[in-house]
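Novice: Input: one structure, supplied below.
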There are 2 protein chains.
Amino acid sequence: MKLYDSRLAPNPRRTRIFLAEKGITLPTEQVDIMTMQHKTPEYTAINPLQRMPALVLDDGTVITESIAICRYFEVLQPEPPLFGVGAKEIALVEMWNRRAEINFFSNVAAVFRHLHPAMKDLEVPQVPAYAEAMRPRAIWFLELLDKELAKREFIAGDRYSVADITTLVAVDFMKPSRLTMPESASNVKRWHAAVSARPSAIA
Amino acid sequence: MKLYDSRLAPNPRRTRIFLAEKGITLPTEQVDIMTMQHKTPEYTAINPLQRMPALVLDDGTVITESIAICRYFEVLQPEPPLFGVGAKEIALVEMWNRRAEINFFSNVAAVFRHLHPAMKDLEVPQVPAYAEAMRPRAIWFLELLDKELAKREFIAGDRYSVADITTLVAVDFMKPSRLTMPESASNVKRWHAAVSARPSAIA
């Protein structure tokens with residue numbers, strides 16, 4: 001088994017934090033985006049979508065998409081549960097993970113991809129007007145989340161889950177996207193300090 | 001239990017097809033996007049993100065996000081399995097469902113949201129340049145998918161899954177987005193005819 005990882009990109013970090021929470025270590029190979037290693041014929045043969053992470057199983061099966069790799073290990077090693085237990089918790093973790101992805105992570109990433117000079121050759125064409133339109137939506141979601149986190153400890157409930165991992169990675173990606181946490185978001189800041197203090201956060 | 005649905009939008013259709021495949025019927029209320037019913041205080045109290053579908057459980061818990069609602073019913077009624085069985089199949093279904101969402105469905109939706117005159121008051125601001133940039137990516141994914149569907153019957157393997165539901169809904173949403181299936185995509189066309197012939201497709 002082998003994990004193709006990329007240190008700078010936010011999605012592979014989701015998988016790394018998940019594996020750290022499970023206590024799983026894997027043989028890993030770095031694929032460097034800045035030198036376009038993900039566009040080589042060798043990597044394209046592994047993942048035609050040219051994105052990381054990718055997990056190659058011993059039988060040759062390739063699993064891509066960070067959350068798909070996480071689900072693979074959730075089935076193999078259910079403890080600690082990071083996708084919830086029972087119909088209702090499983091649904092609420094999925095709901096908050098998707099809300100964080102669709103309304104926050106993807107908008108933070110859009111600001112980075114469509115505005116940052118370093119993305120000029122990677123996001124073609126950059127559409128700055130799209131980044132500007134998504135910027136207030138990312139902040140709006142943090143304000144919504146702040147009200148939610150007044151009521152509970154973690155994003156999807158009283159237990160740390162993959163929804164916390166997605167939201168942590170997205171909050172930390174605000175820095176390269178040059179987005180600023182609203183001063184008033186005190187509950188989000190309390191939550192962010194707590195999840196950042198977990199050993200998995202350095203992954 | 002009650003499902004808030006919206007006939008015109010593509011995401012609620014994913015949940016409807018999923019429920020039809022499971023043979024589950026639910027009390028349902030329509031929320032009309034065109035008359036802005038999703039922006040009323042009443043609906044905003046149910047889903048602050050003002051989107052459909054939303055499932056309200058008997059204990060008052062609200063589950064939003066079409067796939068989160070699907071997962072809720074997958075746990076309650078595992079047969080027929082639509083998210084896979086066992087670590088590898090579960091991971092591959094998640095991978096293909098996400099690939100179809102990220103690289104295809106979201107791009108088809110972007111073309112609709114940012115170009116269609118009917119979306120002028122719903123997608124503010126519309127960014128036509130973003131739609132134009134996403135249009136070739138949607139078509140590119142269909143070409144990739146055509147090579148995959150030369151090798152197997154369904155999107156994620158030899159069994160119909162939620163990845164087929166997502167892809168079917170996205171292909172059918174090409175029409176309002178004014179996108180055309182590539183003539184050469186014969187395997188996608190064969191697959192589309194087969195999944196469209198299932199009774200669930202009328203949902």
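Every chain in the structure tokens takes a letter, A first, then B, and so on in the order presented; its residues are numbered from 1, and the ligands are numbered from 1 following the presented order.
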Taking only C-alpha atoms into account, what are the residues of chain B at most 8 Å from chain A, put as a PyMOL selection string?

Specialist: chain B and resi 63-65+67-69+71-73+75-76+86-88+90-92+94-95+98-99+125+127+129-130+133

Novice: Might you pull out every residue within 12 Å of Ala185 in chain A, with only C-alpha atoms counted and same-chain residues fewer than 6 positions away left off, and present them as a PyMOL selection string?

Specialist: chain A and resi 139-150+191-192

Novice: I need the residues from that last selection saved to file as a PDB file, in the first residue's frame (with N, CA and C atoms), if you can.

Specialist:
```
ATOM      1  N   ILE A 139     -16.783  33.995   4.463  1.00  0.00           N
ATOM      2  CA  ILE A 139     -16.899  34.695   5.751  1.00  0.00           C
ATOM      3  C   ILE A 139     -18.303  34.490   6.334  1.00  0.00           C
ATOM      4  N   TRP A 140     -19.321  34.529   5.470  1.00  0.00           N
ATOM      5  CA  TRP A 140     -20.694  34.303   5.924  1.00  0.00           C
ATOM      6  C   TRP A 140     -20.818  32.945   6.610  1.00  0.00           C
ATOM      7  N   PHE A 141     -20.177  31.919   6.058  1.00  0.00           N
ATOM      8  CA  PHE A 141     -20.275  30.589   6.663  1.00  0.00           C
ATOM      9  C   PHE A 141     -19.634  30.573   8.048  1.00  0.00           C
ATOM     10  N   LEU A 142     -18.517  31.285   8.217  1.00  0.00           N
ATOM     11  CA  LEU A 142     -17.876  31.341   9.539  1.00  0.00           C
ATOM     12  C   LEU A 142     -18.811  31.988  10.562  1.00  0.00           C
ATOM     13  N   GLU A 143     -19.569  32.984  10.121  1.00  0.00           N
ATOM     14  CA  GLU A 143     -20.522  33.637  11.036  1.00  0.00           C
ATOM     15  C   GLU A 143     -21.655  32.677  11.422  1.00  0.00           C
ATOM     16  N   LEU A 144     -22.132  31.894  10.438  1.00  0.00           N
ATOM     17  CA  LEU A 144     -23.136  30.865  10.732  1.00  0.00           C
ATOM     18  C   LEU A 144     -22.566  29.822  11.690  1.00  0.00           C
ATOM     19  N   LEU A 145     -21.337  29.398  11.420  1.00  0.00           N
ATOM     20  CA  LEU A 145     -20.685  28.380  12.244  1.00  0.00           C
ATOM     21  C   LEU A 145     -20.477  28.881  13.673  1.00  0.00           C
ATOM     22  N   ASP A 146     -20.196  30.167  13.808  1.00  0.00           N
ATOM     23  CA  ASP A 146     -19.968  30.727  15.146  1.00  0.00           C
ATOM     24  C   ASP A 146     -21.202  30.561  16.032  1.00  0.00           C
ATOM     25  N   LYS A 147     -22.374  30.742  15.453  1.00  0.00           N
ATOM     26  CA  LYS A 147     -23.622  30.540  16.226  1.00  0.00           C
ATOM     27  C   LYS A 147     -23.786  29.075  16.605  1.00  0.00           C
ATOM     28  N   GLU A 148     -23.422  28.176  15.682  1.00  0.00           N
ATOM     29  CA  GLU A 148     -23.531  26.742  15.963  1.00  0.00           C
ATOM     30  C   GLU A 148     -22.575  26.328  17.076  1.00  0.00           C
ATOM     31  N   LEU A 149     -21.356  26.847  17.031  1.00  0.00           N
ATOM     32  CA  LEU A 149     -20.334  26.425  17.999  1.00  0.00           C
ATOM     33  C   LEU A 149     -20.543  27.052  19.379  1.00  0.00           C
ATOM     34  N   ALA A 150     -21.524  27.956  19.488  1.00  0.00           N
ATOM     35  CA  ALA A 150     -21.955  28.407  20.819  1.00  0.00           C
ATOM     36  C   ALA A 150     -22.721  27.292  21.528  1.00  0.00           C
ATOM     37  N   TRP A 191     -12.957  26.907  19.188  1.00  0.00           N
ATOM     38  CA  TRP A 191     -12.907  25.583  18.551  1.00  0.00           C
ATOM     39  C   TRP A 191     -11.586  25.383  17.797  1.00  0.00           C
ATOM     40  N   HIS A 192     -11.151  26.410  17.051  1.00  0.00           N
ATOM     41  CA  HIS A 192      -9.930  26.283  16.244  1.00  0.00           C
ATOM     42  C   HIS A 192      -8.709  26.053  17.125  1.00  0.00           C
TER      43      HIS A 192
END
```

Novice: Measure the distance from CA of Ile202 in chain A to CA of Arg13 in chain A in Å and round it to one decimal.

Specialist: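 A separation of 9.3 Å between them.
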
Novice: Under the rule that only C-alpha atoms are counted, which of B:Leu122, B:Ala100, B:Val162, B:Ile46 is the nearest residue to Pro80 in chain B?

Specialist: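 Ranking B:Leu122, B:Ala100, B:Val162, B:Ile46 by distance to Pro80 in chain B, first place goes to B:Val162.
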
Novice: Point out the residue among B:Thr28, B:Asn11, B:Ser186, B:Ser6 with the least atom-to-atom distance to Leu55 in chain B, counting only C-alpha atoms.

Specialist: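 The shortest atom-to-atom distance to Leu55 in chain B comes from B:Thr28.
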
Novice: Check range 63-184 of chain A with DSSP on the backbone and list each residue it calls helix (DSSP H, G or I), as a PyMOL selection string.

Specialist: chain A and resi 66-76+87-115+117-119+128-149+162-172

Novice: Let me see the file: selected residues, C-alpha atoms, as a short mmCIF file (atom, residue, chain, number, x, y, z; two decimals), in the first residue's frame.

Specialist:
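part-v6.cif written:
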```cif
data_model
loop_
_atom_site.label_atom_id
_atom_site.label_comp_id
_atom_site.auth_asym_id
_atom_site.auth_seq_id
_atom_site.Cartn_x
_atom_site.Cartn_y
_atom_site.Cartn_z
CA SER A 66 -9.18 12.54 0.27
CA ILE A 67 -12.50 11.61 1.87
CA ALA A 68 -12.75 8.33 -0.07
CA ILE A 69 -9.35 7.31 1.33
CA CYS A 70 -10.55 8.27 4.81
CA ARG A 71 -13.65 6.11 4.42
CA TYR A 72 -11.50 3.14 3.37
CA PHE A 73 -9.63 3.29 6.67
CA GLU A 74 -12.80 4.01 8.69
CA VAL A 75 -14.12 0.60 7.57
CA LEU A 76 -10.82 -1.21 8.18
CA ALA A 87 -27.93 6.66 11.32
CA LYS A 88 -28.47 10.09 12.87
CA GLU A 89 -24.84 10.86 13.80
CA ILE A 90 -23.57 9.50 10.47
CA ALA A 91 -26.03 11.79 8.65
CA LEU A 92 -25.10 14.84 10.75
CA VAL A 93 -21.34 14.30 10.22
CA GLU A 94 -21.93 13.97 6.48
CA MET A 95 -24.13 17.08 6.53
CA TRP A 96 -21.57 19.25 8.32
CA ASN A 97 -18.65 17.88 6.35
CA ARG A 98 -20.48 18.78 3.14
CA ARG A 99 -21.69 22.15 4.41
CA ALA A 100 -18.08 22.98 5.32
CA GLU A 101 -16.81 21.78 1.94
CA ILE A 102 -19.44 23.42 -0.26
CA ASN A 103 -19.97 26.71 1.56
CA PHE A 104 -16.54 27.30 3.08
CA PHE A 105 -13.60 25.14 1.92
CA SER A 106 -14.45 25.44 -1.79
CA ASN A 107 -14.89 29.21 -1.46
CA VAL A 108 -11.59 29.66 0.41
CA ALA A 109 -9.94 27.55 -2.30
CA ALA A 110 -11.65 29.58 -5.04
CA VAL A 111 -10.16 32.79 -3.61
CA PHE A 112 -6.71 31.19 -3.64
CA ARG A 113 -7.01 29.57 -7.07
CA HIS A 114 -8.50 32.55 -8.88
CA LEU A 115 -6.54 35.40 -7.24
CA PRO A 117 -0.24 34.92 -8.42
CA ALA A 118 1.30 31.50 -7.63
CA MET A 119 -1.74 29.84 -9.25
CA PRO A 128 -10.70 37.08 -10.31
CA ALA A 129 -14.36 38.19 -10.36
CA TYR A 130 -15.34 34.68 -9.24
CA ALA A 131 -12.90 34.83 -6.32
CA GLU A 132 -14.32 38.19 -5.27
CA ALA A 133 -17.87 36.79 -5.41
CA MET A 134 -16.95 33.77 -3.25
CA ARG A 135 -14.94 35.73 -0.63
CA PRO A 136 -17.97 37.05 1.34
CA ARG A 137 -19.62 33.61 1.21
CA ALA A 138 -16.65 32.06 3.03
CA ILE A 139 -16.90 34.70 5.75
CA TRP A 140 -20.69 34.30 5.92
CA PHE A 141 -20.27 30.59 6.66
CA LEU A 142 -17.88 31.34 9.54
CA GLU A 143 -20.52 33.64 11.04
CA LEU A 144 -23.14 30.87 10.73
CA LEU A 145 -20.68 28.38 12.24
CA ASP A 146 -19.97 30.73 15.15
CA LYS A 147 -23.62 30.54 16.23
CA GLU A 148 -23.53 26.74 15.96
CA LEU A 149 -20.33 26.42 18.00
CA VAL A 162 -14.09 14.38 9.80
CA ALA A 163 -16.19 17.58 9.70
CA ASP A 164 -13.70 19.11 12.16
CA ILE A 165 -10.82 18.00 9.95
CA THR A 166 -12.33 19.61 6.83
CA THR A 167 -13.12 22.85 8.66
CA LEU A 168 -9.66 23.02 10.32
CA VAL A 169 -7.88 22.54 7.00
CA ALA A 170 -10.08 25.20 5.38
CA VAL A 171 -9.57 27.72 8.21
CA ASP A 172 -5.80 27.23 7.99
#
```

Novice: Looking only at strand (DSSP E or B) from DSSP on the backbone, list the matching residues of range 32-79 of chain A as a list in words.

Specialist: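 Taking range 32-79 of chain A and keeping strand (DSSP E or B) only, one gets Ala54, Leu55, Val56, Val62, Ile63 and Thr64 of chain A.
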
Novice: What is the CA of Met52 in chain A to CA of Val31 in chain A distance in Å?

Specialist: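 So the two atoms, CA of Met52 in chain A and CA of Val31 in chain A, lie 7.7 Å apart.
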